[in-house]
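Peer 1: Quick one: this structure, given as structure tokens, is what I'll be asking you about.
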Amino acid sequence: MPNIVCSSSVTYGEAAFSTLGDVRIREGRAIDRTDLTDADLLVIRSTTPVRADMLTDSRLRFVGTATIGVDHMDLAHFDRNGIHWEHAPGCNAVSVAEYMTSVWLCLAAEHGVALEGRTLGVVGVGHVGSRVARKAAALGMRVLLNDPPKAEAGIPATEASGLPDVAYCDLETLLGESDLVTMHVPLTTAGPHTTHHMVDDGFCAQLKPGCVFINAARGPIAQSDALIKAIDSGRIAHAVIDTWEGEPCCPQDLLERVRLASPHIAGYGFDGKVRGTEMIYAAACRFLGVAPTWTSAAQRPTPLVPKIAIAQPAATRDAFLWDVVRQTYDVREDDARMRAGAVGDDHQRATDFDAQRSGYPVRREFGFTSVSCKGASPAWMHTLEALGFAT
């Protein structure tokens, strides 16, 4: 049987992959070359960087990451050396889109503004960005889309986003017209559309004054110093940061300035993590030429909030929606935990950052909650359905 090294952050990793071989569970950031010497398969998440120097004298044949992103893996080395690799595109897209929904409604409630009619700029229209765009459209927001690789590949914006009557726009237009800007690009360091540090002083200078800026993609796409200057000048009125340059040790001076902070958990909804495990498990089965025997169905917990009954709806649509969303996922709780742990020296703060991720509370997707409210208008209930709730 093959030897399998699996990160402890892979949900149900031991249960799933023990059906395929002998599994050794290791903390994600602690996995090193000594763990891989006799490993045939490696199953990880984004906290485990896999570089060429880790694979000296290794017999590794398969690397699977239960995440969308692959910037933590040396794919060129894998390809040169015949190491098969897999990732889990789209596994956590629903989770990130629901994180965004909680962020928008939270800010709207705190500042007494309506989301309907506001302009949201989505930079990167992949699995995640497309779902974010659809959530925004369901809330009546005007959506602008920017994705040069898709545009150059001839993929229409309507196809990429799943929205009718939309087209790509250039980045300058998007930044200048958007009340909220959200980043959903992969981290790349080469090619015609490099995203490393794409959010720099020049990018920030083009932002609409007083906008909301959100990064739930990858930390290194944004220069921390550029964001700090943009916040201090008022160009960015409210920053929401989930992914940080230098994480797990996030910049303290940026943390102190952002409105909502979280430790890279936008995509950490429980169902998305399980979906990632399932996708890599299926890929490993295909690679080994065996039939899958494990399923997560019997292990998944019951929904934490199966039903929400509201006796009297709030006065406005957004306040009503926030009453519902915050009962299933209140982003302010992530912010409070993040700030409570941001103490001590860099090592302590980095340790807490990882601890918050590994011990993140179970967050189920909106679809596991049904909502009833006799006094709510049919239009408001339809919006809840469009956001993913059962009614």
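Naming scheme: A, B, ... for chains in displayed order of the structure tokens; residues 1 onward per chain; ligands 1 onward as shown.
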From a DSSP calculation on the backbone, collect every residue of segment 241-374 of chain A in strand (DSSP E) and output the set as a count of residues only.
Peer 2: 9
Peer 1: Enumerate, in order of chain and increasing residue number, the residues of segment 78-131 of chain A with an atom no farther than 8 Å from segment 329-353 of chain A, each with its shortest atom pair and distance in Å to one decimal, counting only C-alpha atoms, as CSV.
Peer 2:
```
residue,atom,partner,partner_atom,distance
A:Tyr99,CA,A:Val331,CA,7.1
A:Ser102,CA,A:Val331,CA,6.0
A:Val103,CA,A:Val331,CA,6.4
A:Cys106,CA,A:Val331,CA,7.7
```
Peer 1: Residues near Thr195 of chain A, anyone? I mean within 8 Å using only C-alpha atoms, not counting same-chain ones fewer than 4 positions away, as a list in words.
Peer 2: Val185, Pro186, Leu187, Thr188, Thr189 and Ile221 of chain A
Peer 1: Just the selected residues (N, CA and C atoms), exported as a PDB file, in the first residue's frame, please.
Peer 2:
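New file again-v4.pdb:
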```
ATOM      1  N   VAL A 185      -8.157  37.276  -7.576  1.00  0.00           N
ATOM      2  CA  VAL A 185      -7.191  36.809  -8.569  1.00  0.00           C
ATOM      3  C   VAL A 185      -6.255  35.785  -7.929  1.00  0.00           C
ATOM      4  N   PRO A 186      -5.684  34.881  -8.725  1.00  0.00           N
ATOM      5  CA  PRO A 186      -4.652  33.994  -8.190  1.00  0.00           C
ATOM      6  C   PRO A 186      -3.355  34.770  -8.000  1.00  0.00           C
ATOM      7  N   LEU A 187      -2.450  34.226  -7.221  1.00  0.00           N
ATOM      8  CA  LEU A 187      -1.134  34.842  -7.060  1.00  0.00           C
ATOM      9  C   LEU A 187      -0.213  34.319  -8.141  1.00  0.00           C
ATOM     10  N   THR A 188       0.265  35.216  -9.001  1.00  0.00           N
ATOM     11  CA  THR A 188       1.207  34.838 -10.061  1.00  0.00           C
ATOM     12  C   THR A 188       2.383  35.804 -10.038  1.00  0.00           C
ATOM     13  N   THR A 189       3.543  35.306 -10.411  1.00  0.00           N
ATOM     14  CA  THR A 189       4.753  36.125 -10.388  1.00  0.00           C
ATOM     15  C   THR A 189       5.394  36.257 -11.762  1.00  0.00           C
ATOM     16  N   ILE A 221      -0.732  39.817  -3.234  1.00  0.00           N
ATOM     17  CA  ILE A 221      -1.188  40.628  -4.365  1.00  0.00           C
ATOM     18  C   ILE A 221      -1.261  42.098  -3.987  1.00  0.00           C
TER      19      ILE A 221
END
```
Peer 1: Looking at A:Glu14, A:Cys6, A:Pro263, A:Arg218, which one is nearest to Trp294 of chain A, with distances taken over only C-alpha atoms?
Peer 2: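 That would be A:Glu14, the residue with the smallest distance to Trp294 of chain A.
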Peer 1: Got a sec: who's within 9 Å of Pro292 of chain A, counting only C-alpha atoms, leaving out chain neighbours fewer than 6 positions off, as number ranges by chain?
Peer 2: A: 19-20, 281-282, 285-286
Peer 1: Between A:Ser377, A:Thr328, A:Ser58, A:Gln299, which has the minimum distance to Asn81 of chain A (counting only C-alpha atoms)?
Peer 2: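 Nearest to Asn81 of chain A: A:Ser58.
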Peer 1: If we count only C-alpha atoms and set the cut-off at 9 Å, which residues sit around segment 359-367 of chain A, ignoring sequence neighbours fewer than 4 positions away in its own chain? Please answer as a list of chain:residue names.
Peer 2: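 That gives A:Val94, A:Ser95, A:Glu98, A:Ile265, A:Tyr268, A:Gly269, A:Phe270, A:Asp271, A:Gly272, A:Pro303, A:Leu304, A:Val305, A:Val325, A:Thr328, A:Tyr329, A:Asp354, A:Ala355, A:Glu385, A:Leu387, A:Gly388, A:Phe389, A:Ala390.
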Peer 1: At a cut-off of 9 Å, using only C-alpha atoms, what residues contact Val212 of chain A? Leave out same-chain residues fewer than 4 positions from it and give the result as an MDAnalysis selection string.
Peer 2: chainID A and resid 178:182 236:240
Peer 1: Where in segment 94-229 of chain A does DSSP assign alpha helix (DSSP H), given as number ranges by chain?
Peer 2: A: 94-111, 127-138, 148-152, 157-161, 171-177, 201-205, 224-229
Peer 1: In Å to one decimal, how far is atom CA of Ala15 of chain A from atom CA of His84 of chain A?
Peer 2: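 Interatomic distance, atom CA of His84 of chain A to atom CA of Ala15 of chain A: 22.3 Å.
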Peer 1: Can you tell me how far atom CA of Arg326 of chain A sits from atom CA of Cys250 of chain A, in Å to one decimal?
Peer 2: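 Computing the Euclidean distance for atom CA of Arg326 of chain A and atom CA of Cys250 of chain A yields 26.1 Å.
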Peer 1: Return the single residue from A:Ala137, A:Leu42, A:Ala309, A:Ala379 that is closest to Gly162 of chain A, with distances computed using only C-alpha atoms.
Peer 2: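 For Gly162 of chain A, the nearest of the candidates is A:Ala137.
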Peer 1: Restricting the calculation to only C-alpha atoms, which member of A:Val143, A:Ala314, A:Leu254, A:Val324 is positioned closest to Gly375 of chain A?
Peer 2: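 Going through A:Val143, A:Ala314, A:Leu254, A:Val324 one by one, the smallest distance to Gly375 of chain A is for A:Ala314.
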Peer 1: Between A:Gly276, A:Pro251, A:Gly246, A:Pro306, which residue has the minimum interatomic distance to Val371 of chain A, considering only C-alpha atoms?
Peer 2: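 Using only C-alpha atoms, Val371 of chain A sits closest to A:Pro306.
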Peer 1: So, with only C-alpha atoms as the atoms that count, which of A:Asn215, A:Gln206, A:Thr65, A:Thr369 lies closest to Met183 of chain A?
Peer 2: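 Using only C-alpha atoms, the shortest distance to Met183 of chain A belongs to A:Asn215.
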Peer 1: Would you pick out the contacts of Ala283 of chain A at 9 Å or less, using only C-alpha atoms, so that residues sharing its chain but fewer than 4 positions from it are not included, and give the list as a ChimeraX atom specification?
Peer 2: /A:64,86-87,278-279,287-288
Peer 1: How many Å separate atom CA of Met100 of chain A from atom CA of Val132 of chain A?
Peer 2: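 Distance between the two atoms: 7.0 Å.
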